[in-house]
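Data block for upload_37.txt (compact mmCIF, N, CA and C atoms):
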# COMPACT_ATOMS: atom_id res chain seq x y z
N MET A 1 -10.75 21.82 14.50
CA MET A 1 -9.87 21.70 13.35
C MET A 1 -10.22 20.42 12.61
N SER A 2 -10.42 20.51 11.31
CA SER A 2 -10.81 19.36 10.51
C SER A 2 -9.59 18.54 10.09
N VAL A 3 -9.85 17.31 9.63
CA VAL A 3 -8.78 16.43 9.15
C VAL A 3 -8.05 17.08 7.99
N SER A 4 -8.78 17.73 7.09
CA SER A 4 -8.14 18.37 5.93
C SER A 4 -7.16 19.45 6.35
N GLU A 5 -7.48 20.18 7.41
CA GLU A 5 -6.58 21.22 7.89
C GLU A 5 -5.31 20.63 8.50
N ILE A 6 -5.44 19.49 9.16
CA ILE A 6 -4.29 18.86 9.81
C ILE A 6 -3.44 18.13 8.80
N VAL A 7 -4.08 17.35 7.93
CA VAL A 7 -3.36 16.52 6.96
C VAL A 7 -2.77 17.36 5.84
N GLY A 8 -3.50 18.37 5.39
CA GLY A 8 -3.02 19.22 4.31
C GLY A 8 -3.44 18.70 2.96
N SER A 9 -2.83 19.27 1.91
CA SER A 9 -3.14 18.84 0.56
C SER A 9 -1.87 18.82 -0.28
N GLY A 10 -1.95 18.17 -1.41
CA GLY A 10 -0.81 18.07 -2.31
C GLY A 10 -1.24 17.53 -3.65
N TRP A 11 -0.29 17.23 -4.50
CA TRP A 11 -0.59 16.69 -5.82
C TRP A 11 -1.31 15.36 -5.68
N SER A 12 -2.24 15.14 -6.58
CA SER A 12 -2.94 13.86 -6.58
C SER A 12 -2.04 12.78 -7.18
N PHE A 13 -2.34 11.54 -6.86
CA PHE A 13 -1.62 10.42 -7.44
C PHE A 13 -2.64 9.48 -8.04
N PRO A 14 -2.51 9.12 -9.29
CA PRO A 14 -1.48 9.55 -10.22
C PRO A 14 -1.70 11.02 -10.59
N ALA A 15 -0.63 11.66 -11.01
CA ALA A 15 -0.69 13.07 -11.36
C ALA A 15 -1.72 13.28 -12.47
N ASP A 16 -2.49 14.33 -12.33
CA ASP A 16 -3.55 14.61 -13.29
C ASP A 16 -3.74 16.12 -13.38
N TRP A 17 -4.54 16.55 -14.34
CA TRP A 17 -4.80 17.97 -14.55
C TRP A 17 -6.25 18.28 -14.24
N SER A 18 -6.49 19.46 -13.67
CA SER A 18 -7.86 19.90 -13.41
C SER A 18 -8.45 20.49 -14.69
N ALA A 19 -9.72 20.86 -14.63
CA ALA A 19 -10.39 21.46 -15.79
C ALA A 19 -9.75 22.79 -16.18
N GLN A 20 -9.13 23.46 -15.22
CA GLN A 20 -8.46 24.74 -15.49
C GLN A 20 -7.02 24.53 -15.95
N ARG A 21 -6.63 23.30 -16.22
CA ARG A 21 -5.29 22.93 -16.67
C ARG A 21 -4.21 23.18 -15.62
N ASN A 22 -4.59 23.07 -14.36
CA ASN A 22 -3.64 23.14 -13.25
C ASN A 22 -3.43 21.73 -12.72
N ALA A 23 -2.37 21.55 -11.98
CA ALA A 23 -2.15 20.24 -11.35
C ALA A 23 -3.29 19.96 -10.39
N LYS A 24 -3.85 18.75 -10.50
CA LYS A 24 -4.96 18.38 -9.63
C LYS A 24 -4.42 18.11 -8.23
N LEU A 25 -5.10 18.66 -7.24
CA LEU A 25 -4.69 18.50 -5.85
C LEU A 25 -5.65 17.58 -5.12
N THR A 26 -5.17 17.00 -4.07
CA THR A 26 -6.00 16.17 -3.21
C THR A 26 -5.68 16.54 -1.76
N GLY A 27 -6.61 16.29 -0.88
CA GLY A 27 -6.40 16.64 0.52
C GLY A 27 -7.11 15.67 1.44
N GLY A 28 -6.90 15.84 2.72
CA GLY A 28 -7.56 15.03 3.73
C GLY A 28 -7.14 13.57 3.68
N VAL A 29 -8.06 12.70 4.04
CA VAL A 29 -7.77 11.27 4.11
C VAL A 29 -7.46 10.71 2.73
N GLU A 30 -8.02 11.29 1.68
CA GLU A 30 -7.73 10.82 0.32
C GLU A 30 -6.24 10.95 0.00
N SER A 31 -5.60 12.01 0.47
CA SER A 31 -4.17 12.16 0.22
C SER A 31 -3.35 11.11 0.98
N ILE A 32 -3.84 10.72 2.15
CA ILE A 32 -3.17 9.65 2.90
C ILE A 32 -3.29 8.33 2.15
N GLU A 33 -4.49 8.03 1.64
CA GLU A 33 -4.70 6.79 0.89
C GLU A 33 -3.82 6.75 -0.37
N GLN A 34 -3.72 7.85 -1.07
CA GLN A 34 -2.90 7.89 -2.27
C GLN A 34 -1.42 7.72 -1.92
N ALA A 35 -0.98 8.32 -0.82
CA ALA A 35 0.41 8.17 -0.39
C ALA A 35 0.69 6.72 0.00
N MET A 36 -0.25 6.07 0.67
CA MET A 36 -0.08 4.68 1.07
C MET A 36 0.03 3.78 -0.16
N TYR A 37 -0.80 4.03 -1.14
CA TYR A 37 -0.75 3.25 -2.38
C TYR A 37 0.61 3.43 -3.06
N LEU A 38 1.10 4.66 -3.09
CA LEU A 38 2.40 4.95 -3.70
C LEU A 38 3.53 4.22 -2.96
N ILE A 39 3.47 4.19 -1.65
CA ILE A 39 4.48 3.49 -0.85
C ILE A 39 4.48 2.00 -1.18
N LEU A 40 3.29 1.41 -1.23
CA LEU A 40 3.18 -0.03 -1.48
C LEU A 40 3.56 -0.40 -2.91
N ALA A 41 3.34 0.50 -3.84
CA ALA A 41 3.65 0.21 -5.25
C ALA A 41 5.11 0.44 -5.60
N THR A 42 5.87 1.03 -4.67
CA THR A 42 7.27 1.35 -4.94
C THR A 42 8.18 0.32 -4.27
N SER A 43 9.10 -0.21 -5.02
CA SER A 43 10.09 -1.15 -4.50
C SER A 43 11.31 -0.36 -4.00
N PRO A 44 11.85 -0.71 -2.82
CA PRO A 44 13.06 -0.02 -2.36
C PRO A 44 14.17 -0.09 -3.42
N GLY A 45 14.84 1.05 -3.62
CA GLY A 45 15.87 1.13 -4.64
C GLY A 45 15.37 1.69 -5.95
N GLU A 46 14.07 1.83 -6.09
CA GLU A 46 13.47 2.30 -7.34
C GLU A 46 13.67 3.81 -7.52
N ARG A 47 13.78 4.53 -6.44
CA ARG A 47 13.97 5.98 -6.50
C ARG A 47 15.42 6.32 -6.19
N PRO A 48 16.17 6.81 -7.16
CA PRO A 48 17.61 7.06 -6.95
C PRO A 48 17.92 8.03 -5.82
N MET A 49 17.12 9.05 -5.63
CA MET A 49 17.42 10.05 -4.61
C MET A 49 16.90 9.65 -3.23
N ARG A 50 16.11 8.60 -3.16
CA ARG A 50 15.59 8.10 -1.88
C ARG A 50 15.52 6.57 -1.99
N PRO A 51 16.67 5.89 -1.97
CA PRO A 51 16.71 4.46 -2.25
C PRO A 51 16.01 3.57 -1.22
N GLU A 52 15.79 4.05 -0.01
CA GLU A 52 15.13 3.23 1.00
C GLU A 52 13.61 3.32 0.93
N PHE A 53 13.09 4.29 0.17
CA PHE A 53 11.64 4.50 0.09
C PHE A 53 10.96 3.32 -0.58
N GLY A 54 9.82 2.93 -0.04
CA GLY A 54 9.01 1.88 -0.66
C GLY A 54 8.69 0.77 0.32
N CYS A 55 8.23 -0.34 -0.23
CA CYS A 55 7.80 -1.48 0.56
C CYS A 55 8.49 -2.74 0.06
N GLY A 56 8.97 -3.55 0.98
CA GLY A 56 9.72 -4.75 0.64
C GLY A 56 8.90 -5.94 0.17
N ILE A 57 7.60 -5.77 -0.06
CA ILE A 57 6.80 -6.92 -0.51
C ILE A 57 7.21 -7.39 -1.89
N HIS A 58 7.83 -6.52 -2.66
CA HIS A 58 8.20 -6.89 -4.02
C HIS A 58 9.28 -7.96 -4.06
N GLN A 59 10.04 -8.11 -2.99
CA GLN A 59 11.04 -9.17 -2.93
C GLN A 59 10.40 -10.54 -2.69
N LEU A 60 9.12 -10.56 -2.39
CA LEU A 60 8.42 -11.82 -2.12
C LEU A 60 7.62 -12.33 -3.32
N ILE A 61 7.79 -11.70 -4.45
CA ILE A 61 6.96 -12.02 -5.62
C ILE A 61 7.12 -13.47 -6.10
N PHE A 62 8.31 -14.05 -5.92
CA PHE A 62 8.55 -15.42 -6.39
C PHE A 62 8.43 -16.46 -5.27
N GLU A 63 8.09 -16.02 -4.07
CA GLU A 63 7.98 -16.95 -2.95
C GLU A 63 6.68 -17.75 -3.04
N PRO A 64 6.68 -18.98 -2.52
CA PRO A 64 5.43 -19.75 -2.51
C PRO A 64 4.42 -19.07 -1.60
N VAL A 65 3.18 -19.12 -1.98
CA VAL A 65 2.14 -18.50 -1.17
C VAL A 65 1.76 -19.47 -0.06
N ASN A 66 2.26 -19.18 1.13
CA ASN A 66 1.97 -19.99 2.30
C ASN A 66 1.90 -19.07 3.52
N ALA A 67 1.72 -19.63 4.70
CA ALA A 67 1.55 -18.83 5.91
C ALA A 67 2.78 -17.97 6.21
N THR A 68 3.97 -18.48 5.93
CA THR A 68 5.19 -17.73 6.18
C THR A 68 5.26 -16.50 5.28
N THR A 69 4.97 -16.68 4.01
CA THR A 69 5.00 -15.56 3.06
C THR A 69 3.95 -14.52 3.41
N VAL A 70 2.76 -14.97 3.79
CA VAL A 70 1.69 -14.04 4.18
C VAL A 70 2.12 -13.22 5.40
N ALA A 71 2.72 -13.86 6.38
CA ALA A 71 3.19 -13.15 7.57
C ALA A 71 4.28 -12.14 7.22
N LEU A 72 5.19 -12.52 6.32
CA LEU A 72 6.24 -11.60 5.88
C LEU A 72 5.64 -10.40 5.13
N MET A 73 4.64 -10.66 4.31
CA MET A 73 3.97 -9.58 3.58
C MET A 73 3.32 -8.60 4.56
N GLU A 74 2.61 -9.13 5.54
CA GLU A 74 1.95 -8.27 6.53
C GLU A 74 2.98 -7.42 7.28
N GLN A 75 4.10 -8.03 7.64
CA GLN A 75 5.16 -7.32 8.35
C GLN A 75 5.78 -6.23 7.48
N GLU A 76 6.09 -6.54 6.23
CA GLU A 76 6.69 -5.56 5.32
C GLU A 76 5.76 -4.36 5.10
N VAL A 77 4.48 -4.63 4.90
CA VAL A 77 3.51 -3.56 4.68
C VAL A 77 3.41 -2.67 5.91
N ARG A 78 3.27 -3.27 7.07
CA ARG A 78 3.15 -2.50 8.31
C ARG A 78 4.39 -1.63 8.53
N GLN A 79 5.58 -2.21 8.37
CA GLN A 79 6.82 -1.45 8.59
C GLN A 79 6.94 -0.30 7.60
N ALA A 80 6.64 -0.53 6.34
CA ALA A 80 6.76 0.53 5.33
C ALA A 80 5.78 1.67 5.60
N LEU A 81 4.54 1.33 5.93
CA LEU A 81 3.55 2.38 6.15
C LEU A 81 3.83 3.15 7.44
N GLU A 82 4.27 2.46 8.47
CA GLU A 82 4.60 3.16 9.71
C GLU A 82 5.81 4.07 9.53
N ARG A 83 6.73 3.68 8.68
CA ARG A 83 7.91 4.51 8.44
C ARG A 83 7.62 5.70 7.53
N TRP A 84 6.91 5.45 6.42
CA TRP A 84 6.79 6.47 5.39
C TRP A 84 5.49 7.26 5.41
N GLU A 85 4.50 6.86 6.16
CA GLU A 85 3.25 7.62 6.22
C GLU A 85 2.87 7.91 7.68
N PRO A 86 3.48 8.95 8.26
CA PRO A 86 3.25 9.26 9.67
C PRO A 86 1.85 9.83 9.96
N ARG A 87 1.11 10.23 8.93
CA ARG A 87 -0.23 10.78 9.16
C ARG A 87 -1.26 9.69 9.44
N ALA A 88 -0.89 8.42 9.20
CA ALA A 88 -1.83 7.31 9.38
C ALA A 88 -1.42 6.43 10.55
N GLU A 89 -2.39 6.02 11.32
CA GLU A 89 -2.19 5.04 12.39
C GLU A 89 -2.67 3.70 11.83
N ILE A 90 -1.76 2.74 11.67
CA ILE A 90 -2.10 1.44 11.09
C ILE A 90 -2.69 0.57 12.19
N ASP A 91 -3.94 0.18 12.02
CA ASP A 91 -4.62 -0.64 13.01
C ASP A 91 -4.42 -2.13 12.75
N ASP A 92 -4.45 -2.53 11.48
CA ASP A 92 -4.31 -3.95 11.16
C ASP A 92 -3.95 -4.10 9.68
N VAL A 93 -3.21 -5.16 9.38
CA VAL A 93 -2.88 -5.53 8.01
C VAL A 93 -3.22 -7.00 7.85
N VAL A 94 -4.07 -7.31 6.88
CA VAL A 94 -4.50 -8.68 6.65
C VAL A 94 -4.27 -9.01 5.17
N VAL A 95 -3.56 -10.11 4.92
CA VAL A 95 -3.31 -10.55 3.56
C VAL A 95 -4.11 -11.82 3.31
N THR A 96 -4.89 -11.80 2.23
CA THR A 96 -5.69 -12.98 1.86
C THR A 96 -5.50 -13.25 0.38
N GLY A 97 -5.69 -14.49 0.01
CA GLY A 97 -5.59 -14.88 -1.39
C GLY A 97 -6.93 -14.82 -2.07
N ASP A 98 -6.90 -14.69 -3.37
CA ASP A 98 -8.11 -14.69 -4.18
C ASP A 98 -8.55 -16.14 -4.40
N GLU A 99 -9.84 -16.38 -4.37
CA GLU A 99 -10.35 -17.74 -4.51
C GLU A 99 -10.19 -18.30 -5.92
N THR A 100 -10.20 -17.43 -6.92
CA THR A 100 -10.14 -17.91 -8.30
C THR A 100 -8.78 -17.75 -8.96
N ASP A 101 -7.94 -16.85 -8.46
CA ASP A 101 -6.64 -16.58 -9.05
C ASP A 101 -5.56 -16.78 -7.99
N GLU A 102 -4.81 -17.86 -8.09
CA GLU A 102 -3.82 -18.16 -7.05
C GLU A 102 -2.64 -17.20 -7.03
N ALA A 103 -2.48 -16.40 -8.06
CA ALA A 103 -1.40 -15.43 -8.11
C ALA A 103 -1.78 -14.09 -7.47
N LEU A 104 -3.05 -13.88 -7.16
CA LEU A 104 -3.53 -12.60 -6.65
C LEU A 104 -3.68 -12.65 -5.13
N MET A 105 -3.07 -11.68 -4.47
CA MET A 105 -3.18 -11.52 -3.02
C MET A 105 -3.79 -10.15 -2.75
N TYR A 106 -4.69 -10.08 -1.78
CA TYR A 106 -5.27 -8.81 -1.37
C TYR A 106 -4.66 -8.40 -0.05
N ILE A 107 -4.11 -7.20 -0.01
CA ILE A 107 -3.55 -6.65 1.22
C ILE A 107 -4.57 -5.64 1.74
N ASP A 108 -5.22 -5.99 2.83
CA ASP A 108 -6.29 -5.19 3.41
C ASP A 108 -5.71 -4.41 4.60
N ILE A 109 -5.67 -3.09 4.48
CA ILE A 109 -5.06 -2.24 5.50
C ILE A 109 -6.15 -1.46 6.21
N HIS A 110 -6.27 -1.67 7.50
CA HIS A 110 -7.22 -0.93 8.34
C HIS A 110 -6.42 0.16 9.03
N PHE A 111 -6.85 1.40 8.88
CA PHE A 111 -6.12 2.53 9.46
C PHE A 111 -7.06 3.67 9.79
N HIS A 112 -6.54 4.65 10.46
CA HIS A 112 -7.26 5.91 10.64
C HIS A 112 -6.24 7.04 10.63
N ALA A 113 -6.69 8.21 10.21
CA ALA A 113 -5.82 9.38 10.23
C ALA A 113 -5.55 9.73 11.69
N ARG A 114 -4.33 10.06 11.99
CA ARG A 114 -3.98 10.39 13.38
C ARG A 114 -4.81 11.56 13.91
N ALA A 115 -5.34 12.37 13.01
CA ALA A 115 -6.12 13.53 13.42
C ALA A 115 -7.58 13.19 13.70
N SER A 116 -7.99 11.93 13.49
CA SER A 116 -9.39 11.57 13.68
C SER A 116 -9.51 10.14 14.17
N ASN A 117 -10.74 9.77 14.49
CA ASN A 117 -11.04 8.39 14.86
C ASN A 117 -11.87 7.72 13.78
N ASP A 118 -11.83 8.25 12.58
CA ASP A 118 -12.61 7.73 11.47
C ASP A 118 -11.89 6.52 10.88
N PRO A 119 -12.39 5.29 11.14
CA PRO A 119 -11.70 4.11 10.60
C PRO A 119 -11.82 4.04 9.09
N ARG A 120 -10.72 3.69 8.44
CA ARG A 120 -10.66 3.61 6.99
C ARG A 120 -10.10 2.24 6.59
N ASN A 121 -10.26 1.91 5.32
CA ASN A 121 -9.79 0.64 4.81
C ASN A 121 -9.23 0.86 3.41
N LEU A 122 -8.07 0.29 3.14
CA LEU A 122 -7.45 0.36 1.82
C LEU A 122 -7.09 -1.05 1.41
N VAL A 123 -7.52 -1.47 0.22
CA VAL A 123 -7.19 -2.80 -0.29
C VAL A 123 -6.23 -2.62 -1.45
N PHE A 124 -5.07 -3.25 -1.32
CA PHE A 124 -4.02 -3.16 -2.33
C PHE A 124 -3.86 -4.52 -2.97
N PRO A 125 -4.13 -4.67 -4.28
CA PRO A 125 -3.92 -5.97 -4.94
C PRO A 125 -2.44 -6.19 -5.21
N PHE A 126 -1.96 -7.39 -4.94
CA PHE A 126 -0.55 -7.73 -5.15
C PHE A 126 -0.51 -9.07 -5.88
N TYR A 127 0.24 -9.10 -6.98
CA TYR A 127 0.32 -10.31 -7.78
C TYR A 127 1.64 -11.02 -7.54
N THR A 128 1.56 -12.30 -7.28
CA THR A 128 2.74 -13.14 -7.15
C THR A 128 2.87 -13.96 -8.42
N ILE A 129 3.98 -14.66 -8.53
CA ILE A 129 4.16 -15.57 -9.65
C ILE A 129 4.06 -16.96 -9.06
N PRO A 130 2.93 -17.64 -9.30
CA PRO A 130 2.72 -18.94 -8.66
C PRO A 130 3.73 -19.98 -9.14
N SER A 131 4.12 -20.83 -8.21
CA SER A 131 5.04 -21.90 -8.59
C SER A 131 4.26 -22.96 -9.36
N PRO A 132 4.88 -23.56 -10.37
CA PRO A 132 4.17 -24.56 -11.16
C PRO A 132 3.87 -25.81 -10.32
N ALA A 133 2.76 -26.43 -10.64
CA ALA A 133 2.38 -27.65 -9.95
C ALA A 133 3.38 -28.76 -10.27
N PRO A 134 3.73 -29.58 -9.28
CA PRO A 134 4.67 -30.65 -9.56
C PRO A 134 4.08 -31.67 -10.53
N ASP A 135 4.94 -32.23 -11.36
CA ASP A 135 4.49 -33.26 -12.30
C ASP A 135 4.18 -34.54 -11.52
N VAL A 136 3.02 -35.09 -11.80
CA VAL A 136 2.61 -36.33 -11.17
C VAL A 136 2.69 -37.43 -12.22
N PRO A 137 3.47 -38.47 -11.95
CA PRO A 137 3.59 -39.53 -12.96
C PRO A 137 2.32 -40.33 -13.13
Write the structure described by the file as structure tokens, please.
Amino acid sequence: MSVSEIVGSGWSFPADWSAQRNAKLTGGVESIEQAMYLILATSPGERPMRPEFGCGIHQLIFEPVNATTVALMEQEVRQALERWEPRAEIDDVVVTGDETDEALMYIDIHFHARASNDPRNLVFPFYTIPSPAPDVP
């Protein structure tokens, strides 16, 4: 049995149309990656009919970028993906900052589909609002 048969298929994200003017579908590991992206991009409370859906990293947008915030981000991402995407086994979550843009954080998610041992990687860019530098007299 292949991963596509186990995982299934559904609408692609973002929603798009095929050449035949039908809703574009996606399947296999690609559908897991799209679902993970959707989970991370959604803030809890954003969906009226499912207010708990999403990832709590959005509450950290104004926090200073330090080791505590990075650890909280890793924890929020892991909890959200483990709760909302049961088709994926999360192996590791690593948050790193961009060298040139202090407001940009990369969330690197190492996972595999529960139906396979094929390791995968998803990088989700997350922007914070950097705190202004203190005035030096």
- Go ahead and compute the interatomic distance for atom N of A:Ile107 and atom N of A:Phe53, in Å to one decimal. 20.7 Å
- Name the residues in contact with A:Leu122 at a cut-off of 6.5 Å, using only N, CA and C atoms, excluding same-chain residues fewer than 6 positions from it; report them as a count of residues only. 5
- Message: Could you tell me how far atom CA of A:Tyr127 sits from atom CA of A:Ala103, in Å to one decimal place?
- Response: 5.4 Å
- Message: Among stretch 15-122 of chain A, which ones does DSSP assign to strand (DSSP E) (computed from the backbone)? Answer as a list of chain:residue names.
- Response: A:Leu25, A:Thr26, A:Gly27, A:Ala88, A:Glu89, A:Ile90, A:Asp91, A:Asp92, A:Val93, A:Val94, A:Val95, A:Thr96, A:Gly97, A:Leu104, A:Met105, A:Tyr106, A:Ile107, A:Asp108, A:Ile109, A:His110, A:Phe111, A:His112, A:Ala113, A:Pro119, A:Arg120, A:Asn121, A:Leu122
- Take atom N of A:Glu76 and atom CA of A:Ile90 and report the distance between them in Å, one decimal. 12.4 Å
- Near-A:Trp84 list (9 Å; only C-alpha atoms; drop same-chain fewer than 5 positions) as a list in words: Ala35, Met36, Ile39, Phe53, Gly54 and Gln79 of chain A
- Query: When distances are computed from only N, CA and C atoms, which of A:Val93, A:Val29, A:Val123, A:Ala88 shows the smallest separation from A:Met73?
  - Reply: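 Between A:Val93, A:Val29, A:Val123, A:Ala88, the residue approaching A:Met73 most closely is A:Val93.
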- Item | Residue contacts of A:Ala71 (9 Å, only C-alpha atoms) excluding same-chain residues fewer than 4 positions away, as a PyMOL selection string | chain A and resi 66-67+75-76+94-95
Please produce an output containing N, CA and C atoms for each residue in the selection, written as a compact mmCIF listing (two decimals), in the coordinates of the input.
# COMPACT_ATOMS: atom_id res chain seq x y z
N ASN A 66 2.26 -19.18 1.13
CA ASN A 66 1.97 -19.99 2.30
C ASN A 66 1.90 -19.07 3.52
N ALA A 67 1.72 -19.63 4.70
CA ALA A 67 1.55 -18.83 5.91
C ALA A 67 2.78 -17.97 6.21
N GLN A 75 4.10 -8.03 7.64
CA GLN A 75 5.16 -7.32 8.35
C GLN A 75 5.78 -6.23 7.48
N GLU A 76 6.09 -6.54 6.23
CA GLU A 76 6.69 -5.56 5.32
C GLU A 76 5.76 -4.36 5.10
N VAL A 94 -4.07 -7.31 6.88
CA VAL A 94 -4.50 -8.68 6.65
C VAL A 94 -4.27 -9.01 5.17
N VAL A 95 -3.56 -10.11 4.92
CA VAL A 95 -3.31 -10.55 3.56
C VAL A 95 -4.11 -11.82 3.31
- Which residue of A:Gly28, A:Glu82, A:Asp91, A:Tyr106 approaches A:Phe124 most closely, using only C-alpha atoms: A:Tyr106
For the structure just given, write the atoms of stretch 83-96 of chain A, namely N, CA and C atoms, as a PDB file, in the first residue's frame.
ATOM      1  N   ARG A  83      -1.390  17.839  17.380  1.00  0.00           N
ATOM      2  CA  ARG A  83      -2.831  17.831  17.607  1.00  0.00           C
ATOM      3  C   ARG A  83      -3.634  17.799  16.302  1.00  0.00           C
ATOM      4  N   TRP A  84      -3.253  18.644  15.344  1.00  0.00           N
ATOM      5  CA  TRP A  84      -4.095  18.847  14.173  1.00  0.00           C
ATOM      6  C   TRP A  84      -3.673  18.076  12.934  1.00  0.00           C
ATOM      7  N   GLU A  85      -2.505  17.484  12.901  1.00  0.00           N
ATOM      8  CA  GLU A  85      -2.088  16.713  11.725  1.00  0.00           C
ATOM      9  C   GLU A  85      -1.633  15.310  12.151  1.00  0.00           C
ATOM     10  N   PRO A  86      -2.592  14.404  12.356  1.00  0.00           N
ATOM     11  CA  PRO A  86      -2.259  13.058  12.835  1.00  0.00           C
ATOM     12  C   PRO A  86      -1.563  12.182  11.790  1.00  0.00           C
ATOM     13  N   ARG A  87      -1.551  12.594  10.528  1.00  0.00           N
ATOM     14  CA  ARG A  87      -0.887  11.788   9.495  1.00  0.00           C
ATOM     15  C   ARG A  87       0.623  11.942   9.527  1.00  0.00           C
ATOM     16  N   ALA A  88       1.123  12.945  10.269  1.00  0.00           N
ATOM     17  CA  ALA A  88       2.566  13.215  10.312  1.00  0.00           C
ATOM     18  C   ALA A  88       3.137  12.888  11.683  1.00  0.00           C
ATOM     19  N   GLU A  89       4.303  12.293  11.682  1.00  0.00           N
ATOM     20  CA  GLU A  89       5.069  12.062  12.907  1.00  0.00           C
ATOM     21  C   GLU A  89       6.138  13.152  12.950  1.00  0.00           C
ATOM     22  N   ILE A  90       6.066  14.036  13.943  1.00  0.00           N
ATOM     23  CA  ILE A  90       7.006  15.150  14.048  1.00  0.00           C
ATOM     24  C   ILE A  90       8.277  14.647  14.718  1.00  0.00           C
ATOM     25  N   ASP A  91       9.386  14.709  13.991  1.00  0.00           N
ATOM     26  CA  ASP A  91      10.659  14.238  14.513  1.00  0.00           C
ATOM     27  C   ASP A  91      11.411  15.338  15.249  1.00  0.00           C
ATOM     28  N   ASP A  92      11.366  16.565  14.714  1.00  0.00           N
ATOM     29  CA  ASP A  92      12.102  17.657  15.342  1.00  0.00           C
ATOM     30  C   ASP A  92      11.564  18.994  14.828  1.00  0.00           C
ATOM     31  N   VAL A  93      11.649  20.005  15.684  1.00  0.00           N
ATOM     32  CA  VAL A  93      11.291  21.374  15.318  1.00  0.00           C
ATOM     33  C   VAL A  93      12.453  22.260  15.749  1.00  0.00           C
ATOM     34  N   VAL A  94      13.009  22.999  14.798  1.00  0.00           N
ATOM     35  CA  VAL A  94      14.152  23.865  15.075  1.00  0.00           C
ATOM     36  C   VAL A  94      13.820  25.269  14.568  1.00  0.00           C
ATOM     37  N   VAL A  95      13.955  26.256  15.446  1.00  0.00           N
ATOM     38  CA  VAL A  95      13.710  27.646  15.072  1.00  0.00           C
ATOM     39  C   VAL A  95      15.049  28.378  15.045  1.00  0.00           C
ATOM     40  N   THR A  96      15.313  29.036  13.915  1.00  0.00           N
ATOM     41  CA  THR A  96      16.550  29.812  13.778  1.00  0.00           C
ATOM     42  C   THR A  96      16.211  31.176  13.206  1.00  0.00           C
TER      43      THR A  96
END
